[in-house]
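S.K.: One file is attached below, structure29.cif, containing mmCIF, C-alpha atoms.
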```
data_query
#
loop_
_atom_site.label_atom_id
_atom_site.label_comp_id
_atom_site.auth_asym_id
_atom_site.auth_seq_id
_atom_site.Cartn_x
_atom_site.Cartn_y
_atom_site.Cartn_z
CA MET A 1 71.94 -60.24 43.44
CA GLY A 2 75.36 -59.13 44.66
CA SER A 3 78.09 -59.09 42.06
CA VAL A 4 80.96 -61.53 42.45
CA SER A 5 84.55 -61.04 41.36
CA VAL A 6 86.92 -63.75 40.21
CA GLU A 7 89.04 -63.29 43.34
CA ASP A 8 86.10 -64.38 45.49
CA ILE A 9 85.94 -67.81 43.86
CA ASP A 10 87.89 -70.52 45.67
CA VAL A 11 88.88 -73.23 43.18
CA ASP A 12 91.48 -74.94 45.30
CA PHE A 13 89.94 -78.42 45.09
CA LEU A 14 93.16 -80.47 45.03
CA ALA A 15 93.90 -80.32 48.74
CA LEU A 16 90.38 -81.44 49.59
CA ILE A 17 90.52 -84.24 46.99
CA TYR A 18 93.83 -85.37 48.43
CA ASP A 19 92.31 -85.46 51.93
CA ILE A 20 89.33 -87.48 50.70
CA ILE A 21 91.54 -90.06 48.94
CA LYS A 22 93.74 -90.35 52.00
CA CYS A 23 90.69 -90.93 54.21
CA VAL A 24 89.27 -93.56 51.84
CA GLU A 25 92.61 -95.37 51.64
CA ARG A 26 92.92 -95.34 55.44
CA GLU A 27 89.38 -96.66 55.63
CA ASN A 28 90.41 -99.65 53.51
CA THR A 29 93.47 -100.50 55.64
CA GLU A 30 92.31 -99.72 59.23
CA SER A 31 90.52 -102.09 61.67
CA ALA A 32 86.70 -102.24 61.91
CA GLN A 33 86.63 -99.87 64.92
CA SER A 34 88.56 -97.09 63.30
CA LYS A 35 86.95 -97.84 59.91
CA ARG A 36 83.71 -96.29 61.07
CA SER A 37 85.32 -93.04 62.15
CA GLU A 38 87.35 -92.88 58.92
CA PHE A 39 84.16 -93.53 56.94
CA GLN A 40 82.40 -90.69 58.74
CA GLU A 41 85.35 -88.40 58.12
CA SER A 42 85.59 -89.29 54.45
CA SER A 43 81.84 -88.89 53.89
CA GLN A 44 82.02 -85.52 55.64
CA LYS A 45 84.85 -84.45 53.38
CA ILE A 46 83.02 -85.69 50.29
CA GLN A 47 79.96 -83.66 51.35
CA GLU A 48 82.21 -80.68 51.92
CA PHE A 49 83.67 -81.18 48.44
CA HIS A 50 80.18 -81.27 46.91
CA ARG A 51 79.19 -78.16 48.83
CA LYS A 52 82.30 -76.41 47.61
CA LEU A 53 81.51 -77.40 44.02
CA ASP A 54 77.95 -76.04 44.36
CA VAL A 55 79.20 -72.78 45.85
CA THR A 56 81.69 -72.47 42.99
CA ARG A 57 78.92 -73.08 40.42
CA ASP A 58 76.74 -70.43 42.07
CA GLN A 59 79.58 -67.93 42.10
CA ILE A 60 80.38 -68.63 38.43
CA ARG A 61 76.73 -68.08 37.51
CA LYS A 62 76.82 -64.72 39.32
CA LEU A 63 80.06 -63.58 37.67
CA PRO A 64 79.31 -60.56 35.47
CA GLY A 65 80.65 -60.10 31.95
CA ILE A 66 81.22 -63.74 31.04
CA ASP A 67 78.04 -64.36 29.10
CA TYR A 68 80.03 -64.31 25.84
CA SER A 69 83.32 -65.71 24.69
CA LYS A 70 86.19 -63.23 24.73
CA GLU A 71 86.17 -62.91 20.93
CA ASP A 72 82.44 -62.12 20.86
CA GLN A 73 82.87 -59.69 23.71
CA ILE A 74 85.66 -57.85 21.92
CA LYS A 75 83.50 -57.68 18.80
CA LYS A 76 80.68 -56.15 20.82
CA LEU A 77 83.11 -53.69 22.38
CA GLU A 78 84.30 -52.63 18.94
CA ALA A 79 80.72 -52.27 17.74
CA LEU A 80 79.97 -50.03 20.73
CA ARG A 81 83.08 -47.94 20.01
CA LYS A 82 82.00 -47.52 16.38
CA GLN A 83 78.51 -46.58 17.49
CA LEU A 84 79.92 -43.96 19.84
CA VAL A 85 82.15 -42.50 17.12
CA LEU A 86 79.19 -42.30 14.73
CA LYS A 87 77.01 -40.63 17.34
CA LYS A 88 79.77 -38.13 18.12
CA LYS A 89 80.09 -37.36 14.40
CA LEU A 90 76.34 -36.88 14.11
CA LEU A 91 76.32 -34.55 17.09
CA GLN A 92 79.22 -32.57 15.62
CA LYS A 93 77.36 -32.36 12.33
CA TYR A 94 74.31 -30.96 14.11
CA LYS A 95 76.50 -28.50 16.00
CA ASP A 96 78.16 -27.29 12.82
CA MET A 97 74.94 -26.90 10.87
CA CYS A 98 72.97 -24.91 13.41
CA ALA A 99 73.39 -21.18 13.16
CA LEU A 100 71.11 -20.26 16.02
CA GLU A 101 72.88 -18.91 19.05
CA GLY A 102 70.33 -20.40 21.41
CA VAL A 103 70.99 -23.91 20.14
CA LYS A 104 74.74 -23.33 20.32
CA GLN A 105 74.36 -22.28 23.92
CA TYR A 106 72.38 -25.43 24.58
CA LEU A 107 75.14 -27.53 23.04
CA ASN A 108 78.08 -25.75 24.72
CA PRO A 109 76.83 -24.32 27.97
CA SER A 110 80.44 -23.86 29.17
CA ASN A 111 81.30 -21.64 26.17
CA ALA A 112 78.26 -19.49 26.67
CA ASN A 113 80.02 -17.22 29.19
CA MET B 1 93.89 -70.93 26.25
CA THR B 2 91.19 -69.87 23.80
CA THR B 3 87.52 -70.39 24.29
CA PRO B 4 85.80 -72.23 21.47
CA ARG B 5 83.59 -70.00 19.35
CA GLY B 6 79.98 -69.71 20.42
CA ILE B 7 80.56 -71.14 23.91
CA SER B 8 80.48 -68.52 26.60
CA THR B 9 83.12 -68.38 29.29
CA LYS B 10 80.46 -69.06 31.88
CA GLU B 11 79.45 -72.30 30.17
CA LYS B 12 83.10 -73.22 29.82
CA LEU B 13 83.76 -72.72 33.56
CA LEU B 14 80.68 -74.69 34.56
CA SER B 15 81.65 -77.56 32.27
CA ILE B 16 85.16 -77.66 33.79
CA VAL B 17 83.66 -77.82 37.29
CA ASP B 18 81.42 -80.68 36.10
CA ASP B 19 84.49 -82.41 34.65
CA VAL B 20 86.36 -82.05 37.95
CA GLU B 21 83.42 -83.58 39.78
CA THR B 22 83.26 -86.51 37.36
CA ILE B 23 87.01 -87.14 37.54
CA VAL B 24 87.00 -87.06 41.34
CA LYS B 25 84.07 -89.47 41.38
CA GLU B 26 85.98 -91.81 39.06
CA LEU B 27 89.07 -91.49 41.22
CA LEU B 28 87.19 -92.34 44.41
CA GLU B 29 85.45 -95.26 42.78
CA THR B 30 88.76 -96.77 41.71
CA THR B 31 90.20 -96.13 45.18
CA ILE B 32 87.30 -97.86 46.93
CA ALA B 33 87.07 -100.70 44.39
CA GLN B 34 88.36 -104.21 45.15
CA LYS B 35 91.76 -105.10 43.89
CA GLN B 36 90.47 -107.04 40.84
CA ASP B 37 88.21 -104.12 39.81
CA LYS B 38 90.83 -101.47 40.36
CA LEU B 39 92.26 -99.59 37.41
CA SER B 40 95.87 -100.07 36.56
CA GLU B 41 98.51 -97.72 37.93
CA SER B 42 98.95 -96.02 34.58
CA ASP B 43 95.18 -95.41 34.26
CA GLN B 44 95.08 -93.95 37.72
CA SER B 45 98.00 -91.73 36.97
CA GLN B 46 96.27 -90.65 33.72
CA ILE B 47 93.17 -89.74 35.72
CA MET B 48 95.33 -87.78 38.13
CA GLN B 49 97.01 -86.01 35.21
CA LEU B 50 93.60 -85.23 33.79
CA LEU B 51 92.48 -83.83 37.13
CA LEU B 52 95.59 -81.65 37.30
CA ARG B 53 95.01 -80.45 33.72
CA LYS B 54 91.40 -79.60 34.51
CA ASN B 55 92.54 -77.71 37.60
CA ASP B 56 94.97 -75.66 35.49
CA GLU B 57 92.30 -75.14 32.86
CA LEU B 58 89.90 -73.90 35.52
CA LYS B 59 92.44 -71.40 36.80
CA SER B 60 93.35 -70.13 33.33
CA THR B 61 89.66 -69.82 32.42
CA LEU B 62 89.13 -67.84 35.60
CA ASN B 63 91.94 -65.52 34.53
CA LEU B 64 90.16 -65.15 31.21
CA ALA B 65 86.96 -64.35 33.10
CA SER B 66 88.84 -61.69 35.03
CA GLU B 67 89.99 -60.11 31.74
CA GLN B 68 86.46 -60.29 30.41
CA GLN B 69 85.19 -58.53 33.52
CA GLU B 70 87.51 -55.63 32.74
CA ILE B 71 86.24 -55.58 29.17
CA ASP B 72 82.69 -55.67 30.53
CA GLN B 73 83.44 -52.60 32.64
CA LYS B 74 84.64 -50.78 29.54
CA MET B 75 81.52 -51.90 27.70
CA LEU B 76 79.32 -50.54 30.48
CA GLN B 77 81.12 -47.19 30.34
CA LEU B 78 80.80 -47.09 26.56
CA GLY B 79 77.14 -48.10 26.79
CA SER B 80 76.36 -45.27 29.20
CA GLU B 81 78.23 -42.82 26.97
CA VAL B 82 76.31 -44.05 23.93
CA TYR B 83 73.05 -43.64 25.87
CA LYS B 84 74.02 -40.09 26.83
CA HIS B 85 74.84 -39.24 23.22
CA ASP B 86 71.53 -40.78 22.17
CA GLN B 87 69.69 -38.51 24.57
CA ASP B 88 71.60 -35.47 23.25
CA ILE B 89 70.81 -36.39 19.66
CA GLN B 90 67.12 -36.89 20.42
CA MET B 91 66.97 -33.56 22.26
CA LEU B 92 68.72 -31.80 19.37
CA GLN B 93 66.42 -33.37 16.83
CA LYS B 94 63.42 -32.21 18.87
CA HIS B 95 64.82 -28.65 19.03
CA LEU B 96 65.61 -28.64 15.32
CA LYS B 97 62.10 -29.83 14.51
CA GLU B 98 60.62 -27.06 16.63
CA ALA B 99 62.90 -24.49 14.97
CA ASP B 100 61.91 -25.84 11.57
CA THR B 101 58.20 -25.44 12.35
CA LEU B 102 58.69 -21.92 13.71
CA LEU B 103 60.85 -20.84 10.78
CA SER B 104 58.51 -22.23 8.15
CA THR B 105 55.58 -20.42 9.75
CA ALA B 106 57.59 -17.20 9.94
CA LEU B 107 58.69 -17.62 6.34
CA PHE B 108 55.13 -18.15 5.17
CA GLN B 109 53.96 -15.03 7.02
CA ALA B 110 56.90 -13.03 5.69
CA LYS B 111 56.03 -14.08 2.12
CA GLN B 112 52.45 -12.98 2.69
CA LYS B 113 53.69 -9.63 4.00
CA LEU B 114 55.99 -9.22 1.00
CA ASP B 115 53.08 -9.92 -1.35
CA GLN B 116 51.00 -7.34 0.46
CA ILE B 117 53.81 -4.80 0.33
CA GLN B 118 54.29 -5.44 -3.37
CA LYS B 119 50.56 -5.10 -3.96
CA ALA B 120 50.46 -1.88 -1.97
CA GLN B 121 53.40 -0.48 -3.92
CA THR B 122 51.85 -1.27 -7.30
CA HIS B 123 48.42 0.13 -6.35
CA GLN B 124 49.28 3.21 -4.38
CA VAL B 125 46.40 5.31 -3.08
CA GLY B 126 47.09 8.76 -1.72
CA SER B 127 46.10 9.15 1.89
CA GLU B 128 44.86 12.67 1.23
CA ASP B 129 42.47 11.36 -1.42
CA LEU B 130 41.13 8.79 0.97
CA ILE B 131 40.64 11.36 3.70
CA ARG B 132 38.96 13.75 1.29
CA PHE B 133 36.46 11.14 0.10
CA ALA B 134 35.84 9.94 3.60
CA HIS B 135 35.13 13.49 4.63
CA ARG B 136 32.72 13.91 1.73
CA ILE B 137 30.87 10.75 2.63
CA SER B 138 30.54 11.52 6.30
CA SER B 139 29.95 15.28 6.14
CA THR B 140 26.91 15.02 3.88
CA ASN B 141 25.12 12.43 5.98
CA ALA B 142 25.19 10.17 2.97
CA VAL B 143 25.45 6.94 4.91
CA ALA B 144 23.82 7.50 8.25
CA ALA B 145 21.66 10.16 9.84
CA PRO B 146 23.42 12.48 12.21
CA ALA B 147 23.32 11.53 15.86
CA THR B 148 21.32 14.62 16.70
CA TRP B 149 18.77 14.07 13.97
CA ALA B 150 15.12 14.79 14.81
CA PRO B 151 11.94 14.90 12.70
CA GLY B 152 11.98 17.98 10.54
CA ASP B 153 15.76 18.07 10.34
CA PRO B 154 16.72 18.33 6.64
CA ARG B 155 19.96 16.48 7.22
CA ARG B 156 19.49 12.80 6.59
CA PRO B 157 21.04 10.00 4.55
CA TYR B 158 20.60 10.10 0.82
CA PRO B 159 18.38 10.07 -1.02
CA THR B 160 16.17 12.74 0.46
CA ASP B 161 12.57 13.18 -0.62
CA ILE B 162 13.49 15.98 -2.98
CA GLU B 163 16.17 13.86 -4.62
CA MET B 164 13.79 10.90 -4.97
CA ARG B 165 11.26 13.13 -6.70
CA MET B 166 13.95 14.35 -9.04
CA GLY B 167 14.94 10.78 -9.93
CA PHE B 168 13.83 8.39 -12.69
CA LEU B 169 11.50 6.37 -10.47
CA ALA B 170 9.45 9.45 -9.55
CA ARG B 171 8.91 10.39 -13.17
CA ILE B 172 8.01 6.87 -14.28
CA ASN B 173 4.29 7.40 -13.54
CA ASP B 174 4.11 10.41 -15.84
CA MET B 175 5.56 8.55 -18.84
CA PRO B 176 3.69 6.21 -21.22
CA ILE B 177 4.72 2.53 -20.79
CA SER B 178 6.28 2.26 -24.27
CA GLN B 179 8.53 5.19 -23.56
CA VAL B 180 9.50 3.71 -20.27
CA LEU B 181 10.43 0.41 -21.89
CA ASP B 182 12.34 2.14 -24.64
CA SER B 183 14.23 4.33 -22.29
CA MET B 184 15.22 1.65 -19.81
CA PRO B 185 17.82 -0.43 -21.71
CA PRO B 186 20.01 2.45 -22.84
CA ILE B 187 20.03 3.81 -19.34
CA MET B 188 20.91 0.45 -17.88
CA SER B 189 23.54 -0.36 -20.47
CA ARG B 190 24.97 2.99 -21.42
CA GLY B 191 24.41 5.46 -18.68
CA GLY B 192 24.18 2.93 -15.86
CA ASP B 193 27.85 2.79 -15.38
CA GLN B 194 28.16 6.48 -15.25
CA LEU B 195 25.13 7.29 -13.16
CA TYR B 196 25.23 4.30 -10.86
CA PRO B 197 28.70 2.78 -10.87
CA ASN B 198 28.81 -0.96 -10.52
CA PHE B 199 30.44 -1.66 -7.17
CA THR B 200 30.83 -5.36 -7.70
CA GLN B 201 32.61 -5.19 -11.02
CA GLN B 202 35.07 -2.47 -10.22
CA PRO B 203 37.84 -3.50 -7.86
CA TRP B 204 38.40 -0.81 -5.30
CA TYR B 205 42.15 -1.15 -5.58
CA SER B 206 42.44 -1.13 -9.39
CA THR B 207 44.86 1.84 -9.74
CA SER B 208 45.23 5.16 -8.11
CA SER B 209 44.03 7.09 -11.12
CA GLU B 210 41.25 4.63 -11.81
CA MET B 211 40.24 4.73 -8.24
CA SER B 212 40.25 8.49 -8.18
CA SER B 213 38.08 8.60 -11.28
CA SER B 214 35.72 5.90 -10.09
CA VAL B 215 35.37 7.39 -6.66
CA SER B 216 34.94 10.82 -8.21
CA SER B 217 32.17 9.48 -10.44
CA LEU B 218 30.63 7.68 -7.49
CA PHE B 219 30.40 10.87 -5.51
CA ALA B 220 29.78 13.17 -8.44
CA ASN B 221 26.23 13.81 -7.36
CA ILE B 222 27.10 14.34 -3.75
CA PRO B 223 27.44 18.04 -3.06
CA GLU B 224 30.66 19.31 -1.58
CA PRO B 225 30.25 19.93 2.12
CA THR B 226 29.76 23.46 3.11
CA VAL B 227 31.58 24.64 6.10
CA ARG B 228 29.02 25.71 8.69
CA GLY B 229 31.18 26.41 11.62
CA ASN B 230 32.39 24.23 14.48
CA ALA B 231 29.03 22.61 15.15
CA ASN B 232 28.96 21.16 11.66
CA HIS B 233 32.54 20.01 12.03
CA ASP B 234 31.56 18.05 15.12
CA ASP B 235 28.78 16.46 13.18
CA VAL B 236 31.26 15.41 10.55
CA GLU B 237 33.36 13.64 13.09
CA VAL B 238 30.33 11.86 14.51
CA MET B 239 29.25 10.93 11.02
CA SER B 240 32.64 9.44 10.26
CA THR B 241 32.17 6.87 12.96
CA ASP B 242 28.56 6.35 11.99
CA SER B 243 29.44 5.84 8.39
CA SER B 244 31.97 3.18 9.25
CA SER B 245 29.48 1.35 11.43
CA SER B 246 26.72 1.57 8.88
CA SER B 247 28.94 0.46 6.04
CA SER B 248 30.02 -2.52 8.04
CA SER B 249 26.39 -3.35 8.75
CA ASP B 250 25.61 -2.92 5.06
CA SER B 251 28.31 -5.27 4.04
CA GLN B 252 26.91 -7.91 6.36
#
```
Could you render the structure as structure tokens?

M.R.:
Amino acid sequence: MGSVSVEDIDVDFLALIYDIIKCVERENTESAQSKRSEFQESSQKIQEFHRKLDVTRDQIRKLPGIDYSKEDQIKKLEALRKQLVLKKKLLQKYKDMCALEGVKQYLNPSNAN
Amino acid sequence: MTTPRGISTKEKLLSIVDDVETIVKELLETTIAQKQDKLSESDQSQIMQLLLRKNDELKSTLNLASEQQEIDQKMLQLGSEVYKHDQDIQMLQKHLKEADTLLSTALFQAKQKLDQIQKAQTHQVGSEDLIRFAHRISSTNAVAAPATWAPGDPRRPYPTDIEMRMGFLARINDMPISQVLDSMPPIMSRGGDQLYPNFTQQPWYSTSSEMSSSVSSLFANIPEPTVRGNANHDDVEVMSTDSSSSSSSDSQ
């Protein structure tokens, strides 16, 4: 499943809606001959509108990172940050407590030389 | 615009799209409808306003989704960092556990060594004494016959025939039974320790002086080896190995 960004989603429905309404109104006023062609055009545009709605729904479903509300997401982000800080502290504690040179080398391979 | 609590942004976007679809359907129905069924101008304009509002809402919610995508990226980075730290911590814990096992084993062995050193220091035995007694044992063929032993050779492990004849068991036939019975307990209780030292009761490492005395008493009856030249010296060396092998076989 390819990831979708917000920029990929086309939500410009108003122009299409305007076209549909115009077609339907013309359909009501025109003669019987032209009514048929207007009807075909309007039904085509309505189908196009439905297709566009379905595509938009699909794209929204594929959008990553919107499974939570923003508040919940920020809470999760903070929880992750706290977790990271705690893990860093724990690692530092381990580093400080070990007196073996071999373990120190394992922890800081760059400082070994 | 804030998202209501508990509703995800995805659900919010999908519901707005559904709303747009419903509004457009309503709008088309009222456009197609006959004049008497048509909604009033104000209602139509309200529907249009609603459609415009929903359109704005959709765009603002999409902006929110864009922000949330950025937050999601940060969360992914943080998650991978947390995972990496987790791996480091697990690796460290594994190494520390291994070090702990190794150190505790080494500590235990070192304590055992210390105990042995302490024991050796408190019960010191002179190496010269040990060598002297070992020499006495091996040089007199007391434990094993010499390697070159043949019938008729007087050298052999104790006791020899002459020594057996000189002993208590050889004289027992010449004594009356009452005398034998009378003489046995004092020998066993009094002189037993002196004549035949009890190997099981006396610890070999008791003290240096004790050991010297006990070993001296043990080998009191063994004659001092007489130096008979190099040939005898060779025998002594052979006997040393023999004695060790025989004593080990005895102990089994």

S.K.: Can you list what the PyMOL selection byres ((chain B) within 8 of (chain A)) grabs from this structure, as a PDB file with C-alpha atoms, keeping the file's coordinate frame?

M.R.:
```
ATOM      1  CA  THR B   3      87.520 -70.390  24.290  1.00  0.00           C
ATOM      2  CA  PRO B   4      85.800 -72.230  21.470  1.00  0.00           C
ATOM      3  CA  ARG B   5      83.590 -70.000  19.350  1.00  0.00           C
ATOM      4  CA  GLY B   6      79.980 -69.710  20.420  1.00  0.00           C
ATOM      5  CA  ILE B   7      80.560 -71.140  23.910  1.00  0.00           C
ATOM      6  CA  SER B   8      80.480 -68.520  26.600  1.00  0.00           C
ATOM      7  CA  THR B   9      83.120 -68.380  29.290  1.00  0.00           C
ATOM      8  CA  LYS B  10      80.460 -69.060  31.880  1.00  0.00           C
ATOM      9  CA  LEU B  13      83.760 -72.720  33.560  1.00  0.00           C
ATOM     10  CA  LEU B  14      80.680 -74.690  34.560  1.00  0.00           C
ATOM     11  CA  VAL B  17      83.660 -77.820  37.290  1.00  0.00           C
ATOM     12  CA  GLU B  21      83.420 -83.580  39.780  1.00  0.00           C
ATOM     13  CA  VAL B  24      87.000 -87.060  41.340  1.00  0.00           C
ATOM     14  CA  LEU B  28      87.190 -92.340  44.410  1.00  0.00           C
ATOM     15  CA  THR B  31      90.200 -96.130  45.180  1.00  0.00           C
ATOM     16  CA  ILE B  32      87.300 -97.860  46.930  1.00  0.00           C
ATOM     17  CA  ASN B  55      92.540 -77.710  37.600  1.00  0.00           C
ATOM     18  CA  LEU B  58      89.900 -73.900  35.520  1.00  0.00           C
ATOM     19  CA  LYS B  59      92.440 -71.400  36.800  1.00  0.00           C
ATOM     20  CA  LEU B  62      89.130 -67.840  35.600  1.00  0.00           C
ATOM     21  CA  ASN B  63      91.940 -65.520  34.530  1.00  0.00           C
ATOM     22  CA  LEU B  64      90.160 -65.150  31.210  1.00  0.00           C
ATOM     23  CA  ALA B  65      86.960 -64.350  33.100  1.00  0.00           C
ATOM     24  CA  SER B  66      88.840 -61.690  35.030  1.00  0.00           C
ATOM     25  CA  GLN B  68      86.460 -60.290  30.410  1.00  0.00           C
ATOM     26  CA  GLN B  69      85.190 -58.530  33.520  1.00  0.00           C
ATOM     27  CA  ILE B  71      86.240 -55.580  29.170  1.00  0.00           C
ATOM     28  CA  ASP B  72      82.690 -55.670  30.530  1.00  0.00           C
ATOM     29  CA  LYS B  74      84.640 -50.780  29.540  1.00  0.00           C
ATOM     30  CA  MET B  75      81.520 -51.900  27.700  1.00  0.00           C
ATOM     31  CA  LEU B  78      80.800 -47.090  26.560  1.00  0.00           C
ATOM     32  CA  GLY B  79      77.140 -48.100  26.790  1.00  0.00           C
ATOM     33  CA  GLU B  81      78.230 -42.820  26.970  1.00  0.00           C
ATOM     34  CA  VAL B  82      76.310 -44.050  23.930  1.00  0.00           C
ATOM     35  CA  HIS B  85      74.840 -39.240  23.220  1.00  0.00           C
ATOM     36  CA  ASP B  86      71.530 -40.780  22.170  1.00  0.00           C
ATOM     37  CA  ASP B  88      71.600 -35.470  23.250  1.00  0.00           C
ATOM     38  CA  ILE B  89      70.810 -36.390  19.660  1.00  0.00           C
ATOM     39  CA  LEU B  92      68.720 -31.800  19.370  1.00  0.00           C
ATOM     40  CA  HIS B  95      64.820 -28.650  19.030  1.00  0.00           C
TER      41      HIS B  95
END
```

S.K.: To test your reading of the syntax: which residues would the PyMOL selection byres ((chain B and resi 48) around 12) return for the file shown? Reply as a VMD selection string.

M.R.: (chain A and resid 14 17 to 18 21) or (chain B and resid 20 23 to 28 30 41 to 47 49 to 55)

S.K.: Just give me the gap between CA of Arg26 in chain A and CA of Gln47 in chain A in Å, one decimal is fine.

M.R.: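 Separating CA of Arg26 in chain A from CA of Gln47 in chain A is a distance of 17.9 Å.
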
S.K.: Give me the residues within 8 Å of Arg155 in chain B as a list in words, counting all atoms listed in the file and dropping any in the same chain fewer than 2 places off.

M.R.: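 Contacts, with the query itself left out: Thr140, Asn141, Ala145, Pro146, Trp149, Asp153 and Pro157 of chain B.
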